[in-house]
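The next block holds one structure in the form of structure tokens; read it before the comments.
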Amino acid sequence: MRIGYGWDSHEFKPGIPLMIGGVELAHDKGLAGHSDGDVLLHAITDALLGAVAAGDIRSYFPPSDPKWKGAKSAIFLEEALKQVARAGYAIANVDSTLILAEPKIGPHASRIQARVAELLRIKPGAVGIKAKTPEGMGTDNAAIAHVTVLLEKKLPRKKKAKRKIHPAKRRK
Ligand code: MG
């Protein structure tokens with residue numbers, strides 16, 4: 001088994017779409033970033049990469065590369081899934097905590113859970129989505145995500161059973 005942890009934060013800016021967990025939420029501000037600013041998918045990507053000691057999101061998608069401007073964060077996640085598979089692991093479960101003042105995540109949590117599960121190709125029941133407001137932290141203009149993942153070693157495929165050959169047909 002392997003455990004992974006990821007963290008990310010992005011600042012709110014007016015007039016851009018708010019993407020969290022691959023879901024667009026109705027809000028007057030979105031998260032600024034070189035990509036689509038999806039703080040949750042970035043933290044999941046780092047948690048997955050960390051679990052297989054395969055670097056971090058920046059080592060695959062440097063923000064300095066104009067290629068990733070406005071990129072969908074699902075692309076980053078896809079690379080992390082590839083690294084997890086390459087290392088011979090599968091996701092057991094993912095847990096997350098979002099910290100943001102607004103909008104309230106509760107009403108959207110099941111939609112985010114379903115989308116993250118779909119992107120990770122696991123069951124929604126294996127994806128924890130929790131949210132808190134940043135009491136006393138002074139980070140009301142930011143969204144923060146903490147994520148842990150647990151990976152299990154993929155079982156090797158069963159070898160095909162050898163066909164039994166009737167003794168009379170065996171080559172001598
Ligand atoms: Mg980020």
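Just remember, in the structure tokens the first chain shown is A, the second B, etc., residues are 1-based per chain, and ligands are 1-based in the order shown.
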
Original post:
Given a cut-off of 8 Å, what residues near ligand 1 show up using only C-alpha atoms and all ligand atoms, put as a PyMOL selection string?
Top reply: chain A and resi 8-10+33+35+37-39+42-43

Subject >> All alpha helix (DSSP H) residues (DSSP, backbone) inside region 51-134 of chain A, as a ChimeraX atom specification >> reply: /A:51,57-60,74-86,109-120

Do you know which residues are at most 9 Å from region 99-107 of chain A counting only C-alpha atoms, after dropping those on the same chain fewer than 3 positions away, and could you put them as an mmCIF file with all heavy atoms, in the first residue's frame?
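Dumped to out_29.cif:
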data_model
loop_
_atom_site.group_PDB
_atom_site.id
_atom_site.type_symbol
_atom_site.label_atom_id
_atom_site.label_comp_id
_atom_site.auth_asym_id
_atom_site.auth_seq_id
_atom_site.Cartn_x
_atom_site.Cartn_y
_atom_site.Cartn_z
ATOM 1 N N LEU A 25 -18.901 25.694 -10.834
ATOM 2 C CA LEU A 25 -19.881 26.152 -9.845
ATOM 3 C C LEU A 25 -20.283 27.589 -10.143
ATOM 4 O O LEU A 25 -19.430 28.407 -10.509
ATOM 5 C CB LEU A 25 -19.302 26.073 -8.430
ATOM 6 C CG LEU A 25 -18.803 24.702 -7.958
ATOM 7 C CD1 LEU A 25 -18.282 24.791 -6.536
ATOM 8 C CD2 LEU A 25 -19.890 23.649 -8.063
ATOM 9 N N ALA A 26 -21.566 27.887 -9.982
ATOM 10 C CA ALA A 26 -22.046 29.245 -10.220
ATOM 11 C C ALA A 26 -21.531 30.156 -9.108
ATOM 12 O O ALA A 26 -21.812 29.921 -7.930
ATOM 13 C CB ALA A 26 -23.574 29.240 -10.245
ATOM 14 N N HIS A 27 -20.752 31.172 -9.477
ATOM 15 C CA HIS A 27 -20.190 32.105 -8.505
ATOM 16 C C HIS A 27 -19.699 33.321 -9.281
ATOM 17 O O HIS A 27 -19.374 33.217 -10.463
ATOM 18 C CB HIS A 27 -19.023 31.430 -7.758
ATOM 19 C CG HIS A 27 -18.615 32.153 -6.513
ATOM 20 N ND1 HIS A 27 -19.508 32.558 -5.564
ATOM 21 C CD2 HIS A 27 -17.386 32.533 -6.059
ATOM 22 C CE1 HIS A 27 -18.852 33.167 -4.581
ATOM 23 N NE2 HIS A 27 -17.570 33.158 -4.860
ATOM 24 N N SER A 110 -22.061 16.374 -3.742
ATOM 25 C CA SER A 110 -22.283 15.076 -4.391
ATOM 26 C C SER A 110 -21.963 15.148 -5.888
ATOM 27 O O SER A 110 -21.506 14.176 -6.484
ATOM 28 C CB SER A 110 -23.697 14.563 -4.154
ATOM 29 O OG SER A 110 -24.620 15.463 -4.692
ATOM 30 N N ARG A 111 -22.162 16.318 -6.486
ATOM 31 C CA ARG A 111 -21.822 16.486 -7.911
ATOM 32 C C ARG A 111 -20.295 16.452 -8.082
ATOM 33 O O ARG A 111 -19.765 15.840 -9.001
ATOM 34 C CB ARG A 111 -22.378 17.835 -8.408
ATOM 35 C CG ARG A 111 -22.561 17.914 -9.902
ATOM 36 C CD ARG A 111 -23.673 18.888 -10.268
ATOM 37 N NE ARG A 111 -23.523 20.199 -9.674
ATOM 38 C CZ ARG A 111 -23.068 21.285 -10.328
ATOM 39 N NH1 ARG A 111 -22.712 21.187 -11.590
ATOM 40 N NH2 ARG A 111 -22.995 22.447 -9.718
ATOM 41 N N ILE A 112 -19.583 17.105 -7.161
ATOM 42 C CA ILE A 112 -18.114 17.106 -7.210
ATOM 43 C C ILE A 112 -17.591 15.684 -6.977
ATOM 44 O O ILE A 112 -16.711 15.203 -7.689
ATOM 45 C CB ILE A 112 -17.532 18.093 -6.163
ATOM 46 C CG1 ILE A 112 -17.939 19.527 -6.519
ATOM 47 C CG2 ILE A 112 -16.026 17.957 -6.064
ATOM 48 C CD1 ILE A 112 -17.606 20.562 -5.443
ATOM 49 N N ILE A 129 -15.453 14.183 0.033
ATOM 50 C CA ILE A 129 -15.426 15.634 -0.250
ATOM 51 C C ILE A 129 -15.928 16.332 1.007
ATOM 52 O O ILE A 129 -17.095 16.203 1.371
ATOM 53 C CB ILE A 129 -16.349 15.999 -1.443
ATOM 54 C CG1 ILE A 129 -15.987 15.218 -2.716
ATOM 55 C CG2 ILE A 129 -16.330 17.517 -1.692
ATOM 56 C CD1 ILE A 129 -14.679 15.600 -3.378
ATOM 57 N N LYS A 130 -15.048 17.060 1.665
ATOM 58 C CA LYS A 130 -15.438 17.800 2.862
ATOM 59 C C LYS A 130 -15.066 19.274 2.659
ATOM 60 O O LYS A 130 -14.148 19.574 1.896
ATOM 61 C CB LYS A 130 -14.710 17.252 4.103
ATOM 62 C CG LYS A 130 -14.819 15.724 4.234
ATOM 63 C CD LYS A 130 -14.254 15.205 5.541
ATOM 64 C CE LYS A 130 -12.790 15.541 5.756
ATOM 65 N NZ LYS A 130 -11.891 14.965 4.728
ATOM 66 N N ALA A 131 -15.777 20.151 3.339
ATOM 67 C CA ALA A 131 -15.461 21.571 3.187
ATOM 68 C C ALA A 131 -15.600 22.298 4.512
ATOM 69 O O ALA A 131 -16.450 21.957 5.342
ATOM 70 C CB ALA A 131 -16.386 22.205 2.145
ATOM 71 N N LYS A 132 -14.738 23.292 4.692
ATOM 72 C CA LYS A 132 -14.769 24.131 5.892
ATOM 73 C C LYS A 132 -14.582 25.587 5.461
ATOM 74 O O LYS A 132 -14.046 25.852 4.390
ATOM 75 C CB LYS A 132 -13.615 23.767 6.835
ATOM 76 C CG LYS A 132 -13.578 22.299 7.228
ATOM 77 C CD LYS A 132 -12.434 22.014 8.175
ATOM 78 C CE LYS A 132 -12.783 22.377 9.583
ATOM 79 N NZ LYS A 132 -13.775 21.475 10.163
ATOM 80 N N THR A 133 -15.006 26.486 6.333
ATOM 81 C CA THR A 133 -14.707 27.899 6.071
ATOM 82 C C THR A 133 -13.433 28.262 6.846
ATOM 83 O O THR A 133 -13.148 27.664 7.887
ATOM 84 C CB THR A 133 -15.886 28.801 6.509
ATOM 85 O OG1 THR A 133 -16.256 28.452 7.839
ATOM 86 C CG2 THR A 133 -17.084 28.621 5.598
ATOM 87 N N PRO A 134 -12.671 29.211 6.318
ATOM 88 C CA PRO A 134 -11.367 29.518 6.919
ATOM 89 C C PRO A 134 -11.478 30.433 8.142
ATOM 90 O O PRO A 134 -11.054 31.582 8.101
ATOM 91 C CB PRO A 134 -10.604 30.186 5.769
ATOM 92 C CG PRO A 134 -11.665 30.813 4.931
ATOM 93 C CD PRO A 134 -12.905 29.977 5.076
ATOM 94 N N GLU A 135 -12.028 29.908 9.220
ATOM 95 C CA GLU A 135 -12.215 30.729 10.424
ATOM 96 C C GLU A 135 -10.887 31.261 10.951
ATOM 97 O O GLU A 135 -9.976 30.476 11.231
ATOM 98 C CB GLU A 135 -12.881 29.892 11.533
ATOM 99 C CG GLU A 135 -14.230 29.284 11.167
ATOM 100 C CD GLU A 135 -15.271 30.315 10.790
ATOM 101 O OE1 GLU A 135 -15.340 31.366 11.450
ATOM 102 O OE2 GLU A 135 -16.007 30.078 9.821
ATOM 103 N N THR A 139 -7.976 34.015 4.956
ATOM 104 C CA THR A 139 -7.772 33.567 3.568
ATOM 105 C C THR A 139 -9.095 33.540 2.808
ATOM 106 O O THR A 139 -9.312 32.672 1.962
ATOM 107 C CB THR A 139 -7.125 32.152 3.536
ATOM 108 O OG1 THR A 139 -7.972 31.250 4.295
ATOM 109 C CG2 THR A 139 -5.738 32.147 4.113
ATOM 110 N N ASP A 140 -9.973 34.518 3.116
ATOM 111 C CA ASP A 140 -11.294 34.523 2.485
ATOM 112 C C ASP A 140 -11.245 34.710 0.972
ATOM 113 O O ASP A 140 -12.219 34.408 0.283
ATOM 114 C CB ASP A 140 -12.170 35.624 3.112
ATOM 115 C CG ASP A 140 -12.715 35.194 4.472
ATOM 116 O OD1 ASP A 140 -12.257 34.144 4.981
ATOM 117 O OD2 ASP A 140 -13.577 35.908 5.025
ATOM 118 N N ASN A 141 -10.136 35.213 0.467
ATOM 119 C CA ASN A 141 -10.057 35.409 -0.985
ATOM 120 C C ASN A 141 -9.322 34.273 -1.684
ATOM 121 O O ASN A 141 -8.838 34.430 -2.807
ATOM 122 C CB ASN A 141 -9.404 36.747 -1.323
ATOM 123 C CG ASN A 141 -9.808 37.215 -2.705
ATOM 124 O OD1 ASN A 141 -10.965 37.033 -3.125
ATOM 125 N ND2 ASN A 141 -8.859 37.768 -3.455
ATOM 126 N N ALA A 142 -9.228 33.139 -0.996
ATOM 127 C CA ALA A 142 -8.528 31.998 -1.601
ATOM 128 C C ALA A 142 -9.312 30.723 -1.373
ATOM 129 O O ALA A 142 -10.149 30.635 -0.467
ATOM 130 C CB ALA A 142 -7.130 31.855 -1.002
ATOM 131 N N ALA A 143 -9.057 29.744 -2.207
ATOM 132 C CA ALA A 143 -9.577 28.388 -1.981
ATOM 133 C C ALA A 143 -8.376 27.484 -1.772
ATOM 134 O O ALA A 143 -7.367 27.588 -2.484
ATOM 135 C CB ALA A 143 -10.398 27.916 -3.171
ATOM 136 N N ILE A 144 -8.487 26.633 -0.764
ATOM 137 C CA ILE A 144 -7.388 25.739 -0.384
ATOM 138 C C ILE A 144 -7.928 24.316 -0.434
ATOM 139 O O ILE A 144 -9.092 24.084 -0.093
ATOM 140 C CB ILE A 144 -6.907 26.097 1.044
ATOM 141 C CG1 ILE A 144 -6.298 27.506 1.045
ATOM 142 C CG2 ILE A 144 -5.910 25.069 1.587
ATOM 143 C CD1 ILE A 144 -6.189 28.141 2.415
ATOM 144 N N ALA A 145 -7.094 23.388 -0.861
ATOM 145 C CA ALA A 145 -7.509 21.975 -0.861
ATOM 146 C C ALA A 145 -6.419 21.109 -0.247
ATOM 147 O O ALA A 145 -5.234 21.279 -0.546
ATOM 148 C CB ALA A 145 -7.807 21.504 -2.281
ATOM 149 N N HIS A 146 -6.827 20.221 0.641
ATOM 150 C CA HIS A 146 -5.936 19.191 1.202
ATOM 151 C C HIS A 146 -6.466 17.838 0.753
ATOM 152 O O HIS A 146 -7.679 17.598 0.838
ATOM 153 C CB HIS A 146 -5.966 19.211 2.737
ATOM 154 C CG HIS A 146 -5.371 20.428 3.345
ATOM 155 N ND1 HIS A 146 -4.051 20.515 3.705
ATOM 156 C CD2 HIS A 146 -5.920 21.620 3.668
ATOM 157 C CE1 HIS A 146 -3.811 21.702 4.236
ATOM 158 N NE2 HIS A 146 -4.926 22.401 4.221
#

**OP:** May I ask which of the residues A:Lys69, A:Lys160, A:Lys153, A:Lys123 is the closest one to Ala32 (chain A), counting only C-alpha atoms?
**Re:** A:Lys69

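The shortest atom-to-atom distance to Leu40 (chain A), with only C-alpha atoms taken into account, belongs to A:Ser73 out of A:Ser73, A:Pro62, A:Asp28, A:Val52.
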
Subject >> Residue nearest Ala109 (chain A) - candidates A:Leu150, A:Val84, A:Lys67, A:Val23, atoms counted: only C-alpha atoms >> reply: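 Of A:Leu150, A:Val84, A:Lys67, A:Val23, the one nearest Ala109 (chain A) is A:Val23, counting only C-alpha atoms.
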
Original post:
Which one of A:Ile75, A:Val94, A:Ala80, A:Leu41 sits closest to Asp56 (chain A) if you count only C-alpha atoms?
Top reply: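 Residue with the minimum atom-to-atom distance to Asp56 (chain A): A:Ala80.
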